[in-house]
Amino acid sequence: MSAPTAHLFQSQPNAARRSERATFWLFRSATYLVLACGLAVFGTIFFKGAGTVFKAEAPFINTTFFTDAPESLYLFEFEGKKYEMGDREFRAFKEKHPAAATVKSESYVYSAGGIFPCIVGTVLLVVGSMTIALVLGVCAAIYLNEYARDGLFIRFVRLAILNLAGVPSIVFGLFGFGMFVIYFGWNVSLLAGWFTLAFMVLPVVITASEESLKAVPKGFREGSLALGATKWQTIRLNVVPYALPGILTSSILGIARVAGETAPIMFTAAYVVRDKLPWDVAKAGDFFLQGVMALPYHIYVVSSKIPQNEYTERVQYGTAFVFLLVVAFIAASSIILRNKLRSRYKW
Amino acid sequence: MVNAAPILMDTPSSAPAKSSAYKPTVRLSPASVPSAPVPGAAAAPMGETLVDISHLDFFYNTSQALHDINLKIEAKNVTAFIGPSGCGKSTLLRCLNRMNDLIDGTRVARGTIKIHGVDIYQPDVDVIELRKRVGMVFQKSNPFPKSIYENITFGLRLQGMNDPAKLDEIVEKSLRGAALWDEVKDRLGASGMGLSGGQQQRLCIARAIAVEPEVILMDEPCSALDPVATAKVEELIQELRSRFTIIIVTHNMQQAARCSDKTAFFYLGKLIEFADTRDIFTKPANAQTEAYVSGRFG
């Protein structure tokens, strides 16, 4: 069999080709490895958590897990049958069956009921701290990008912002504890948590807002100024609205961080367990000065403070799964908001 | 090598010499000519000096961009600034509404720019008021990403005008003034960014004339436009000349020849020659001007 006749551009195996192929395979497998890691994390949480969150019969969602507060799980044998029930249920059972009052039971804290207070707490923490961070961050970014003249002081400010981004979150937690909880006397409260978390994401918000402001074409500013607008009118009417989608995009990353960090809130805002829901307050001012339960802290508690076994796994993975859902939900709503704004101001 | 003179001859809208300076207005519809010039009066320039630049030195940090500029620009006239890139013509233009203030490190080191006899660089001048009277159209058309209607009303709303009927009226008038009305009247709510390049530039002109400035500065308004759109903008300049004082920076010498009454030639930050457009293009007094307009450099 004759080899196909070699033509002018006949490909020849050579070292350059081989090394090219090898290199690309290396890059490709690195990418696949990342994908595999991601799938492993999400897959584990999904499969182990789905059992808690969903159920086989209609409505297919285990609503009590979303709407109840955490309870202790009791395991006991009564009249030859094994029972598993939450605290409230167990007490009702004992009232119904006086003979059960003395039954020997095994109990696991937080392993029954749901995680409603944690969801509420996390949503409150995210919304409050992102509001504070966006207001402070956008104002600072406007000042830095639109007003401030580059100089030694501004360079120092930028350096400070960069450094702030590198501070470990536990340090923010301790700072918040010292500053807000003790010095300002806010105690462990929503307010203290909001400010601590806000300070933590502030560098992200400022940097991203500045980038978004920079991306607004100079022509919009000049066109506006040339029509006799003041600088502030120009910024308010012809710069910030166009930068908002970009600012929101970056704050979506901030949301995930704020929702997920445990360290900053463990000293400042989070309770291990709290019976009252945030809106059960005597007067409106107390709303801000109460601690809350929060999903990341609850995950920390249920995964490190209670035994690991088949009875506690339900709440451990279920909480993690719901946590991912909540973050996805908040991020999705900001993406929708951003897209709305983006289509309004297209350039 | 193309001689400049035939360019003038070929283009009917080219600016004629002083003696017939206002002939082009004959081409306009009567409505857009508020007062027809008295024949023969044209020998004396229509406008008295509106912008008076004297001994102007201008710096970007330590590099001097303008050297001792002396220039008197007449009202209700089209003045063109020509010259090779970097010669300072845009810089001078942006001095006239103080847009250079936006750039750090710029300063007027010496000299004055007077508009209506008022030095616009004296400390108690409100740049906002100045810019209301001295409008600007930029090289890159920059309609705001808002509706066409909002683009036009932006400047008016800044001045506190909120009466819808009045705004509607001015929007129509400005768009008609910018020869854009017929093209956009059915979609005033559509985004200004959705228009074609030439339409965008005319929208920017409409936006500028909506606030009724006295002077309109145009910084290479056609450099990003195709020949058809350029022709429309040039036609528009001819129509606006009776109502506004127009100063146009252009790279395109034919454009200067076609549109302007007076032309200033700049080179390396210096004003080389300033004269009637016809004189600049047919019998320039300066050898450098002659070399530039005949295409030997630049």
# chains A, B, ... in the order shown; residues from 1 in each chain; ligands from 1
>>> interface_residues(of="chain A", to="chain B", cutoff="8 Å", atoms="only C-alpha atoms", output="PyMOL selection string")
chain A and resi 149+219-220+222-230+238+345-347
>>> residues_around(residues="stretch 93-102 of chain A", least_positions_apart="6", cutoff="10 Å", atoms="only C-alpha atoms", output="list in words")
Phe76, Glu77, Phe78, Glu79, Met85 and Asp87 of chain A
>>> write_last_selection(atoms="C-alpha atoms", output="mmCIF file, in the first residue's frame")
data_model
loop_
_atom_site.group_PDB
_atom_site.id
_atom_site.type_symbol
_atom_site.label_atom_id
_atom_site.label_comp_id
_atom_site.auth_asym_id
_atom_site.auth_seq_id
_atom_site.Cartn_x
_atom_site.Cartn_y
_atom_site.Cartn_z
ATOM 1 C CA PHE A 76 -37.128 5.807 71.913
ATOM 2 C CA GLU A 77 -38.801 2.447 72.019
ATOM 3 C CA PHE A 78 -42.340 2.255 73.231
ATOM 4 C CA GLU A 79 -44.442 -0.844 73.421
ATOM 5 C CA MET A 85 -39.793 12.435 66.914
ATOM 6 C CA ASP A 87 -39.364 17.696 70.954
#
>>> select_by_dssp(residues="stretch 67-227 of chain A", states="strand (DSSP E or B)", output="VMD selection string")
chain A and resid 70 to 78 81 to 86 105 to 113
>>> residues_around(residues="B:Val215", least_positions_apart="3", cutoff="6 Å", atoms="only C-alpha atoms", output="mmCIF file with N, CA and C atoms, in the first residue's frame")
data_model
loop_
_atom_site.group_PDB
_atom_site.id
_atom_site.type_symbol
_atom_site.label_atom_id
_atom_site.label_comp_id
_atom_site.auth_asym_id
_atom_site.auth_seq_id
_atom_site.Cartn_x
_atom_site.Cartn_y
_atom_site.Cartn_z
ATOM 1 N N VAL B 134 -22.488 78.394 25.396
ATOM 2 C CA VAL B 134 -21.534 77.865 24.423
ATOM 3 C C VAL B 134 -21.696 76.345 24.375
ATOM 4 N N PHE B 244 -26.797 80.783 14.801
ATOM 5 C CA PHE B 244 -25.763 80.520 15.798
ATOM 6 C C PHE B 244 -24.397 80.911 15.256
ATOM 7 N N THR B 245 -23.498 81.151 16.194
ATOM 8 C CA THR B 245 -22.106 81.315 15.823
ATOM 9 C C THR B 245 -21.482 79.931 15.889
ATOM 10 N N ILE B 246 -20.954 79.480 14.784
ATOM 11 C CA ILE B 246 -20.468 78.101 14.754
ATOM 12 C C ILE B 246 -18.950 78.095 14.593
#
>>> residues_around(residues="A:Ile247", least_positions_apart="3", cutoff="8 Å", atoms="only C-alpha atoms", output="JSON, numbers by chain")
{"A": [205, 208, 209, 212, 243, 244, 250, 251]}
>>> write_last_selection(atoms="N, CA and C atoms", output="mmCIF file, in the first residue's frame")
data_model
loop_
_atom_site.group_PDB
_atom_site.id
_atom_site.type_symbol
_atom_site.label_atom_id
_atom_site.label_comp_id
_atom_site.auth_asym_id
_atom_site.auth_seq_id
_atom_site.Cartn_x
_atom_site.Cartn_y
_atom_site.Cartn_z
ATOM 1 N N VAL A 205 -17.010 45.948 46.875
ATOM 2 C CA VAL A 205 -18.009 46.845 46.303
ATOM 3 C C VAL A 205 -17.348 48.118 45.763
ATOM 4 N N ALA A 208 -15.255 47.317 42.550
ATOM 5 C CA ALA A 208 -16.107 47.009 41.410
ATOM 6 C C ALA A 208 -16.898 48.226 40.963
ATOM 7 N N SER A 209 -17.363 49.026 41.914
ATOM 8 C CA SER A 209 -18.120 50.217 41.532
ATOM 9 C C SER A 209 -17.227 51.173 40.765
ATOM 10 N N SER A 212 -16.931 49.961 37.296
ATOM 11 C CA SER A 212 -18.146 50.214 36.522
ATOM 12 C C SER A 212 -18.253 51.684 36.155
ATOM 13 N N ALA A 243 -23.853 52.945 35.320
ATOM 14 C CA ALA A 243 -22.882 52.093 36.006
ATOM 15 C C ALA A 243 -23.574 51.074 36.909
ATOM 16 N N LEU A 244 -24.855 51.312 37.215
ATOM 17 C CA LEU A 244 -25.547 50.437 38.172
ATOM 18 C C LEU A 244 -25.527 48.959 37.817
ATOM 19 N N SER A 250 -21.157 43.070 40.429
ATOM 20 C CA SER A 250 -20.088 42.787 41.372
ATOM 21 C C SER A 250 -20.646 42.534 42.757
ATOM 22 N N SER A 251 -21.755 43.189 43.076
ATOM 23 C CA SER A 251 -22.264 42.973 44.422
ATOM 24 C C SER A 251 -22.887 41.594 44.559
#
>>> select_by_dssp(residues="stretch 90-120 of chain A", states="alpha helix (DSSP H)", output="PyMOL selection string")
chain A and resi 90-96+116-120
>>> residues_around(residues="B:Ile73", least_positions_apart="6", cutoff="9 Å", atoms="only C-alpha atoms", output="number ranges by chain")
B: 47-53, 79, 245, 247, 262
>>> closest_residue(among="A:Val127, A:Ile115, A:Ala160, A:Ala15", to="A:Ile255", atoms="only C-alpha atoms")
A:Val127
>>> closest_residue(among="B:Asp163, B:Glu235, B:Asp101, B:Asp168", to="B:Tyr121", atoms="only C-alpha atoms")
B:Asp101
>>> atom_distance(atom1="atom CA of A:Leu125", atom2="atom CA of A:Arg158")
27.0 Å
>>> residues_around(residues="A:Ala192", least_positions_apart="4", cutoff="8 Å", atoms="only C-alpha atoms", output="VMD selection string")
chain A and resid 176 to 177 180 to 181 186 to 188 196 268 to 269
>>> write_last_selection(atoms="C-alpha atoms", output="PDB file, in the first residue's frame")
ATOM      1  CA  GLY A 176     -16.931  43.989  64.920  1.00  0.00           C
ATOM      2  CA  PHE A 177     -17.041  42.411  68.339  1.00  0.00           C
ATOM      3  CA  PHE A 180     -19.907  47.424  67.638  1.00  0.00           C
ATOM      4  CA  VAL A 181     -20.753  44.801  70.233  1.00  0.00           C
ATOM      5  CA  TRP A 186     -25.017  47.099  70.499  1.00  0.00           C
ATOM      6  CA  ASN A 187     -24.460  43.620  71.953  1.00  0.00           C
ATOM      7  CA  VAL A 188     -24.822  40.630  69.687  1.00  0.00           C
ATOM      8  CA  THR A 196     -19.253  43.943  60.322  1.00  0.00           C
ATOM      9  CA  THR A 268     -21.436  39.866  66.386  1.00  0.00           C
ATOM     10  CA  ALA A 269     -24.835  38.681  65.270  1.00  0.00           C
TER      11      ALA A 269
END
>>> closest_residue(among="A:Tyr317, A:Tyr108, A:Phe24, A:Phe329", to="A:Ile252", atoms="only C-alpha atoms")
A:Phe329
>>> closest_residue(among="B:Ile113, B:Ile103, B:Ile237, B:Ala179", to="B:Asn70", atoms="only C-alpha atoms")
B:Ile113
>>> atom_distance(atom1="atom CA of A:Pro264", atom2="atom CA of A:Leu197")
6.5 Å
>>> atom_distance(atom1="atom CA of A:Tyr147", atom2="atom CA of A:Ile335")
29.3 Å
